[in-house]
>>> print(open('structure_19.cif').read())   # mmCIF, C-alpha atoms
data_target
#
loop_
_atom_site.label_atom_id
_atom_site.label_comp_id
_atom_site.auth_asym_id
_atom_site.auth_seq_id
_atom_site.Cartn_x
_atom_site.Cartn_y
_atom_site.Cartn_z
CA MET U 1 0.00 0.00 0.00
CA PRO U 2 1.50 3.38 -0.93
CA ILE U 3 2.16 5.97 1.72
CA ASN U 4 -0.30 8.85 1.62
CA VAL U 5 1.64 12.13 1.58
CA LYS U 6 0.71 15.78 1.18
CA ASP U 7 1.61 17.57 -2.02
CA ILE U 8 4.89 19.51 -2.10
CA THR U 9 3.19 22.92 -2.37
CA THR U 10 1.30 22.35 0.88
CA ILE U 11 4.48 21.18 2.59
CA GLN U 12 6.45 24.20 1.33
CA GLN U 13 3.76 26.61 2.51
CA LYS U 14 3.61 25.00 5.94
CA PHE U 15 7.39 25.14 6.25
CA ALA U 16 7.51 28.81 5.31
CA THR U 17 4.66 29.73 7.66
CA ARG U 18 5.87 27.76 10.66
CA ALA U 19 9.57 28.51 10.26
CA GLY U 20 8.84 32.17 9.59
CA ALA U 21 7.01 32.43 12.91
CA ALA U 22 9.61 30.51 14.93
CA GLY U 23 12.16 33.28 15.53
CA ASN U 24 11.61 33.39 19.28
CA ASP U 25 11.69 29.60 19.56
CA TYR U 26 14.94 29.58 17.60
CA LYS U 27 16.50 32.17 19.91
CA THR U 28 15.32 30.29 23.01
CA GLY U 29 16.89 27.10 21.69
CA VAL U 30 20.18 28.85 20.97
CA MET U 31 20.30 30.38 24.43
CA ASN U 32 19.32 27.13 26.18
CA PRO U 33 20.92 24.20 24.35
CA ARG U 34 20.47 20.66 25.66
CA ARG U 35 24.24 20.18 25.52
CA PRO U 36 27.03 22.77 25.32
CA TRP U 37 27.72 23.51 21.65
CA ALA U 38 31.53 23.81 21.79
CA ALA U 39 32.08 20.62 23.79
CA SER U 40 29.61 18.60 21.72
CA THR U 41 31.06 19.90 18.47
CA ALA U 42 34.61 19.09 19.55
CA LEU U 43 33.53 15.52 20.33
CA SER U 44 32.27 15.11 16.76
CA LYS U 45 35.72 15.63 15.22
CA GLU U 46 36.02 12.08 13.90
CA SER U 47 32.49 12.07 12.48
CA TRP U 48 33.17 15.39 10.75
CA ALA U 49 36.43 14.11 9.25
CA GLN U 50 34.77 10.92 8.01
CA GLY U 51 31.87 12.87 6.54
CA VAL U 52 34.26 15.17 4.69
CA GLN U 53 36.21 12.20 3.37
CA ASN U 54 32.99 10.51 2.23
CA ALA U 55 31.96 13.69 0.44
CA VAL U 56 35.37 13.88 -1.28
CA GLN U 57 35.27 10.23 -2.30
CA ASN U 58 31.77 10.62 -3.73
CA ASP U 59 32.55 13.96 -5.42
CA ARG U 60 29.58 15.57 -3.67
CA PHE U 61 31.02 19.07 -3.87
CA THR U 62 31.25 19.06 -7.66
CA LYS U 63 27.86 17.38 -7.96
CA GLY U 64 26.27 19.99 -5.69
CA VAL U 65 27.81 22.84 -7.68
CA ALA U 66 26.58 21.33 -10.94
CA LYS U 67 23.11 20.80 -9.52
CA ALA U 68 22.78 24.39 -8.25
CA GLY U 69 24.40 26.04 -11.26
CA ASP U 70 25.20 29.70 -11.68
CA GLN U 71 21.60 30.87 -11.72
CA LYS U 72 20.83 29.71 -8.17
CA TRP U 73 23.78 31.34 -6.44
CA GLN U 74 23.40 34.53 -8.47
CA THR U 75 19.71 34.81 -7.66
CA LYS U 76 20.17 34.09 -3.95
CA ALA U 77 23.25 36.30 -3.61
CA SER U 78 21.76 39.23 -5.51
CA THR U 79 18.49 39.14 -3.54
CA ASN U 80 18.87 37.60 -0.07
CA GLY U 81 22.61 38.20 0.14
CA ALA U 82 22.47 41.80 -1.03
CA ASN U 83 19.67 42.56 1.43
CA ARG U 84 21.35 40.89 4.40
CA PHE U 85 24.98 41.83 3.76
CA PRO U 86 24.94 45.44 5.05
CA ALA U 87 23.30 44.58 8.39
CA GLY U 88 25.50 41.52 8.78
CA ALA U 89 28.65 43.53 8.14
CA GLN U 90 27.60 46.18 10.66
CA ALA U 91 26.81 43.54 13.27
CA ALA U 92 30.17 41.83 12.67
CA ALA U 93 32.35 44.96 12.82
CA GLY U 94 33.53 44.28 16.38
CA ASP U 95 34.45 40.67 15.65
CA TYR U 96 36.13 41.73 12.42
CA GLY U 97 38.28 44.25 14.24
CA ALA U 98 39.19 41.87 17.03
CA ASN U 99 40.13 39.09 14.62
CA PHE U 100 42.00 41.29 12.13
CA ALA U 101 43.93 43.36 14.70
CA PRO U 102 46.67 40.74 15.29
CA TYR U 103 47.34 40.55 11.55
CA LEU U 104 47.41 44.32 11.26
CA GLN U 105 49.95 44.41 14.08
CA THR U 106 52.03 41.81 12.25
CA ILE U 107 52.01 43.93 9.10
CA ALA U 108 52.85 47.10 11.06
CA ALA U 109 55.86 45.39 12.68
CA LEU U 110 57.43 44.37 9.36
CA ASN U 111 60.60 45.93 8.01
CA LEU U 112 60.28 45.48 4.28
CA PRO U 113 63.24 45.18 1.94
CA PRO U 114 63.91 48.21 -0.25
CA ARG U 115 61.65 49.08 -3.16
CA PHE U 116 63.16 48.87 -6.63
CA PRO U 117 61.97 50.31 -9.95
CA ARG U 118 58.61 49.13 -11.28
CA GLY U 119 58.86 45.69 -12.84
CA ASP U 120 62.03 44.73 -10.94
CA ALA U 121 61.69 41.12 -9.76
CA ARG U 122 63.30 42.04 -6.42
CA ASN U 123 60.07 43.85 -5.50
CA ASN U 124 58.54 40.41 -5.05
CA ASP U 125 60.69 40.10 -1.92
CA ARG U 126 58.46 42.74 -0.33
CA VAL U 127 55.33 40.74 -1.13
CA ASN U 128 56.97 37.53 0.05
CA ALA U 129 57.90 39.15 3.37
CA VAL U 130 54.28 40.13 3.99
CA THR U 131 52.80 36.76 2.98
CA ALA U 132 55.37 34.82 5.01
CA ALA U 133 54.70 36.91 8.12
CA LEU U 134 50.93 36.62 7.77
CA HIS U 135 51.12 32.88 7.19
CA ALA U 136 53.33 32.44 10.25
CA LYS U 137 50.85 34.46 12.30
CA LYS U 138 47.94 32.38 11.05
CA ILE U 139 49.46 29.01 11.86
CA SER U 140 50.78 30.17 15.25
CA GLY U 141 47.21 30.57 16.46
#
>>> encode(input="structure_19.cif", output="structure tokens")
Amino acid sequence: MPINVKDITTIQQKFATRAGAAGNDYKTGVMNPRRPWAASTALSKESWAQGVQNAVQNDRFTKGVAKAGDQKWQTKASTNGANRFPAGAQAAAGDYGANFAPYLQTIAALNLPPRFPRGDARNNDRVNAVTAALHAKKISG
């Protein structure tokens, strides 16, 4: 006997209505998790690694990109993304500053090699000094 299911339009409408009204429930859940997020997430390290490896082995990334195509990301980014980006950037300014400050200090502490005429290959030494210092800062934690 086949399973009796609702049509997809009804399901989509119910999802949009219920999820759209659940902002306070969402916030309450975030503020009162059943288990601490950081500790629980850290314990899932092996599952995460295996899931990533399974995705790589099954080429899920490429398949997902092909399935979505350019039109989907352009539509979502130019509508939802464009509308949400300014407020998100403003809300993240403090975190951005706190996380970028150590790298800015690294750059400010550099003594670059001398600048040579435009096109001189030795000017790459200046770029290499910056990238090496920033990479060292990144991997040092």
>>> atom_distance(input="structure_19.cif", atom1="CA of Asn111 in chain U", atom2="CA of Ala136 in chain U")
15.5 Å
>>> closest_residue(input="structure_19.cif", among="U:Ala22, U:Ala68, U:Leu112, U:Ala101", to="Lys137 in chain U", atoms="only C-alpha atoms")
U:Ala101
>>> atom_distance(input="structure_19.cif", atom1="CA of Ala82 in chain U", atom2="CA of Met31 in chain U")
28.0 Å
>>> atom_distance(input="structure_19.cif", atom1="CA of Asp59 in chain U", atom2="CA of Leu43 in chain U")
25.8 Å
>>> resolve_selection(input="structure_19.cif", expression="the PyMOL selection byres ((chain U and resi 127) around 12)", output="compact mmCIF listing (two decimals) with C-alpha atoms, in the coordinates of the input")
# COMPACT_ATOMS: atom_id res chain seq x y z
CA ILE U 107 52.01 43.93 9.10
CA LEU U 110 57.43 44.37 9.36
CA ASN U 111 60.60 45.93 8.01
CA LEU U 112 60.28 45.48 4.28
CA PRO U 113 63.24 45.18 1.94
CA PRO U 114 63.91 48.21 -0.25
CA ARG U 115 61.65 49.08 -3.16
CA ALA U 121 61.69 41.12 -9.76
CA ARG U 122 63.30 42.04 -6.42
CA ASN U 123 60.07 43.85 -5.50
CA ASN U 124 58.54 40.41 -5.05
CA ASP U 125 60.69 40.10 -1.92
CA ARG U 126 58.46 42.74 -0.33
CA ASN U 128 56.97 37.53 0.05
CA ALA U 129 57.90 39.15 3.37
CA VAL U 130 54.28 40.13 3.99
CA THR U 131 52.80 36.76 2.98
CA ALA U 132 55.37 34.82 5.01
CA ALA U 133 54.70 36.91 8.12
CA LEU U 134 50.93 36.62 7.77
>>> closest_residue(input="structure_19.cif", among="U:Gly119, U:His135, U:Gln13, U:Pro2", to="Thr106 in chain U", atoms="all atoms listed in the file")
U:His135
>>> closest_residue(input="structure_19.cif", among="U:Asn54, U:Gly141, U:Ala39, U:Val30", to="Asn99 in chain U", atoms="only C-alpha atoms")
U:Gly141
>>> decode(input="structure_19.cif", residues="range 90-106 of chain U", atoms="all heavy atoms", output="PDB file, in the first residue's frame")
ATOM      1  N   GLN U  90      27.646  45.260   9.519  1.00  0.00           N
ATOM      2  CA  GLN U  90      27.605  46.179  10.662  1.00  0.00           C
ATOM      3  C   GLN U  90      27.624  45.420  11.978  1.00  0.00           C
ATOM      4  O   GLN U  90      28.319  45.798  12.913  1.00  0.00           O
ATOM      5  CB  GLN U  90      26.371  47.071  10.577  1.00  0.00           C
ATOM      6  CG  GLN U  90      26.482  48.117   9.483  1.00  0.00           C
ATOM      7  CD  GLN U  90      25.225  48.961   9.355  1.00  0.00           C
ATOM      8  OE1 GLN U  90      24.178  48.657   9.899  1.00  0.00           O
ATOM      9  NE2 GLN U  90      25.346  50.048   8.606  1.00  0.00           N
ATOM     10  N   ALA U  91      26.866  44.332  12.039  1.00  0.00           N
ATOM     11  CA  ALA U  91      26.814  43.536  13.269  1.00  0.00           C
ATOM     12  C   ALA U  91      28.144  42.841  13.554  1.00  0.00           C
ATOM     13  O   ALA U  91      28.477  42.580  14.704  1.00  0.00           O
ATOM     14  CB  ALA U  91      25.688  42.495  13.168  1.00  0.00           C
ATOM     15  N   ALA U  92      28.914  42.560  12.512  1.00  0.00           N
ATOM     16  CA  ALA U  92      30.170  41.831  12.670  1.00  0.00           C
ATOM     17  C   ALA U  92      31.383  42.733  12.822  1.00  0.00           C
ATOM     18  O   ALA U  92      32.502  42.238  12.974  1.00  0.00           O
ATOM     19  CB  ALA U  92      30.375  40.903  11.473  1.00  0.00           C
ATOM     20  N   ALA U  93      31.206  44.040  12.801  1.00  0.00           N
ATOM     21  CA  ALA U  93      32.349  44.958  12.818  1.00  0.00           C
ATOM     22  C   ALA U  93      33.257  44.735  14.018  1.00  0.00           C
ATOM     23  O   ALA U  93      34.488  44.737  13.880  1.00  0.00           O
ATOM     24  CB  ALA U  93      31.866  46.412  12.786  1.00  0.00           C
ATOM     25  N   GLY U  94      32.712  44.522  15.189  1.00  0.00           N
ATOM     26  CA  GLY U  94      33.527  44.285  16.383  1.00  0.00           C
ATOM     27  C   GLY U  94      34.357  43.019  16.273  1.00  0.00           C
ATOM     28  O   GLY U  94      35.558  43.019  16.579  1.00  0.00           O
ATOM     29  N   ASP U  95      33.723  41.929  15.832  1.00  0.00           N
ATOM     30  CA  ASP U  95      34.448  40.669  15.650  1.00  0.00           C
ATOM     31  C   ASP U  95      35.513  40.807  14.573  1.00  0.00           C
ATOM     32  O   ASP U  95      36.620  40.289  14.702  1.00  0.00           O
ATOM     33  CB  ASP U  95      33.483  39.540  15.258  1.00  0.00           C
ATOM     34  CG  ASP U  95      32.603  39.108  16.416  1.00  0.00           C
ATOM     35  OD1 ASP U  95      32.964  39.362  17.582  1.00  0.00           O
ATOM     36  OD2 ASP U  95      31.544  38.506  16.144  1.00  0.00           O
ATOM     37  N   TYR U  96      35.172  41.520  13.502  1.00  0.00           N
ATOM     38  CA  TYR U  96      36.131  41.729  12.420  1.00  0.00           C
ATOM     39  C   TYR U  96      37.370  42.440  12.953  1.00  0.00           C
ATOM     40  O   TYR U  96      38.499  42.025  12.711  1.00  0.00           O
ATOM     41  CB  TYR U  96      35.491  42.545  11.287  1.00  0.00           C
ATOM     42  CG  TYR U  96      36.467  42.924  10.203  1.00  0.00           C
ATOM     43  CD1 TYR U  96      36.817  42.024   9.214  1.00  0.00           C
ATOM     44  CD2 TYR U  96      37.049  44.183  10.182  1.00  0.00           C
ATOM     45  CE1 TYR U  96      37.723  42.364   8.220  1.00  0.00           C
ATOM     46  CE2 TYR U  96      37.953  44.539   9.194  1.00  0.00           C
ATOM     47  CZ  TYR U  96      38.286  43.626   8.218  1.00  0.00           C
ATOM     48  OH  TYR U  96      39.182  43.962   7.247  1.00  0.00           O
ATOM     49  N   GLY U  97      37.152  43.502  13.687  1.00  0.00           N
ATOM     50  CA  GLY U  97      38.276  44.251  14.237  1.00  0.00           C
ATOM     51  C   GLY U  97      39.118  43.415  15.183  1.00  0.00           C
ATOM     52  O   GLY U  97      40.348  43.429  15.117  1.00  0.00           O
ATOM     53  N   ALA U  98      38.462  42.692  16.067  1.00  0.00           N
ATOM     54  CA  ALA U  98      39.192  41.869  17.034  1.00  0.00           C
ATOM     55  C   ALA U  98      39.998  40.774  16.349  1.00  0.00           C
ATOM     56  O   ALA U  98      41.124  40.474  16.760  1.00  0.00           O
ATOM     57  CB  ALA U  98      38.205  41.249  18.032  1.00  0.00           C
ATOM     58  N   ASN U  99      39.437  40.174  15.302  1.00  0.00           N
ATOM     59  CA  ASN U  99      40.131  39.087  14.621  1.00  0.00           C
ATOM     60  C   ASN U  99      41.188  39.567  13.638  1.00  0.00           C
ATOM     61  O   ASN U  99      42.162  38.857  13.376  1.00  0.00           O
ATOM     62  CB  ASN U  99      39.124  38.185  13.907  1.00  0.00           C
ATOM     63  CG  ASN U  99      38.294  37.395  14.897  1.00  0.00           C
ATOM     64  OD1 ASN U  99      38.821  36.800  15.819  1.00  0.00           O
ATOM     65  ND2 ASN U  99      36.988  37.422  14.733  1.00  0.00           N
ATOM     66  N   PHE U 100      41.018  40.768  13.082  1.00  0.00           N
ATOM     67  CA  PHE U 100      41.999  41.291  12.133  1.00  0.00           C
ATOM     68  C   PHE U 100      43.150  42.018  12.818  1.00  0.00           C
ATOM     69  O   PHE U 100      44.261  42.084  12.286  1.00  0.00           O
ATOM     70  CB  PHE U 100      41.318  42.217  11.119  1.00  0.00           C
ATOM     71  CG  PHE U 100      42.265  42.800  10.113  1.00  0.00           C
ATOM     72  CD1 PHE U 100      42.935  41.982   9.220  1.00  0.00           C
ATOM     73  CD2 PHE U 100      42.516  44.159  10.072  1.00  0.00           C
ATOM     74  CE1 PHE U 100      43.828  42.505   8.289  1.00  0.00           C
ATOM     75  CE2 PHE U 100      43.405  44.699   9.150  1.00  0.00           C
ATOM     76  CZ  PHE U 100      44.067  43.863   8.258  1.00  0.00           C
ATOM     77  N   ALA U 101      42.919  42.559  14.003  1.00  0.00           N
ATOM     78  CA  ALA U 101      43.929  43.361  14.696  1.00  0.00           C
ATOM     79  C   ALA U 101      45.286  42.660  14.826  1.00  0.00           C
ATOM     80  O   ALA U 101      46.320  43.291  14.570  1.00  0.00           O
ATOM     81  CB  ALA U 101      43.415  43.799  16.066  1.00  0.00           C
ATOM     82  N   PRO U 102      45.352  41.377  15.190  1.00  0.00           N
ATOM     83  CA  PRO U 102      46.668  40.738  15.293  1.00  0.00           C
ATOM     84  C   PRO U 102      47.422  40.710  13.956  1.00  0.00           C
ATOM     85  O   PRO U 102      48.653  40.828  13.936  1.00  0.00           O
ATOM     86  CB  PRO U 102      46.355  39.321  15.768  1.00  0.00           C
ATOM     87  CG  PRO U 102      45.007  39.411  16.390  1.00  0.00           C
ATOM     88  CD  PRO U 102      44.281  40.495  15.657  1.00  0.00           C
ATOM     89  N   TYR U 103      46.702  40.570  12.861  1.00  0.00           N
ATOM     90  CA  TYR U 103      47.342  40.552  11.546  1.00  0.00           C
ATOM     91  C   TYR U 103      47.801  41.955  11.154  1.00  0.00           C
ATOM     92  O   TYR U 103      48.868  42.125  10.558  1.00  0.00           O
ATOM     93  CB  TYR U 103      46.394  39.972  10.496  1.00  0.00           C
ATOM     94  CG  TYR U 103      46.084  38.527  10.782  1.00  0.00           C
ATOM     95  CD1 TYR U 103      44.934  38.167  11.485  1.00  0.00           C
ATOM     96  CD2 TYR U 103      46.955  37.520  10.382  1.00  0.00           C
ATOM     97  CE1 TYR U 103      44.660  36.837  11.770  1.00  0.00           C
ATOM     98  CE2 TYR U 103      46.688  36.191  10.663  1.00  0.00           C
ATOM     99  CZ  TYR U 103      45.537  35.852  11.366  1.00  0.00           C
ATOM    100  OH  TYR U 103      45.290  34.544  11.645  1.00  0.00           O
ATOM    101  N   LEU U 104      47.018  42.948  11.519  1.00  0.00           N
ATOM    102  CA  LEU U 104      47.412  44.324  11.255  1.00  0.00           C
ATOM    103  C   LEU U 104      48.675  44.666  12.040  1.00  0.00           C
ATOM    104  O   LEU U 104      49.588  45.317  11.519  1.00  0.00           O
ATOM    105  CB  LEU U 104      46.268  45.273  11.627  1.00  0.00           C
ATOM    106  CG  LEU U 104      46.466  46.738  11.302  1.00  0.00           C
ATOM    107  CD1 LEU U 104      46.667  46.944   9.797  1.00  0.00           C
ATOM    108  CD2 LEU U 104      45.275  47.540  11.802  1.00  0.00           C
ATOM    109  N   GLN U 105      48.755  44.192  13.273  1.00  0.00           N
ATOM    110  CA  GLN U 105      49.955  44.410  14.085  1.00  0.00           C
ATOM    111  C   GLN U 105      51.165  43.711  13.465  1.00  0.00           C
ATOM    112  O   GLN U 105      52.280  44.257  13.482  1.00  0.00           O
ATOM    113  CB  GLN U 105      49.727  43.920  15.510  1.00  0.00           C
ATOM    114  CG  GLN U 105      48.719  44.756  16.268  1.00  0.00           C
ATOM    115  CD  GLN U 105      48.246  44.094  17.550  1.00  0.00           C
ATOM    116  OE1 GLN U 105      48.587  42.959  17.852  1.00  0.00           O
ATOM    117  NE2 GLN U 105      47.423  44.816  18.306  1.00  0.00           N
ATOM    118  N   THR U 106      50.950  42.534  12.915  1.00  0.00           N
ATOM    119  CA  THR U 106      52.028  41.810  12.246  1.00  0.00           C
ATOM    120  C   THR U 106      52.544  42.601  11.051  1.00  0.00           C
ATOM    121  O   THR U 106      53.756  42.742  10.858  1.00  0.00           O
ATOM    122  CB  THR U 106      51.541  40.410  11.796  1.00  0.00           C
ATOM    123  OG1 THR U 106      51.184  39.663  12.969  1.00  0.00           O
ATOM    124  CG2 THR U 106      52.597  39.665  11.011  1.00  0.00           C
TER     125      THR U 106
END
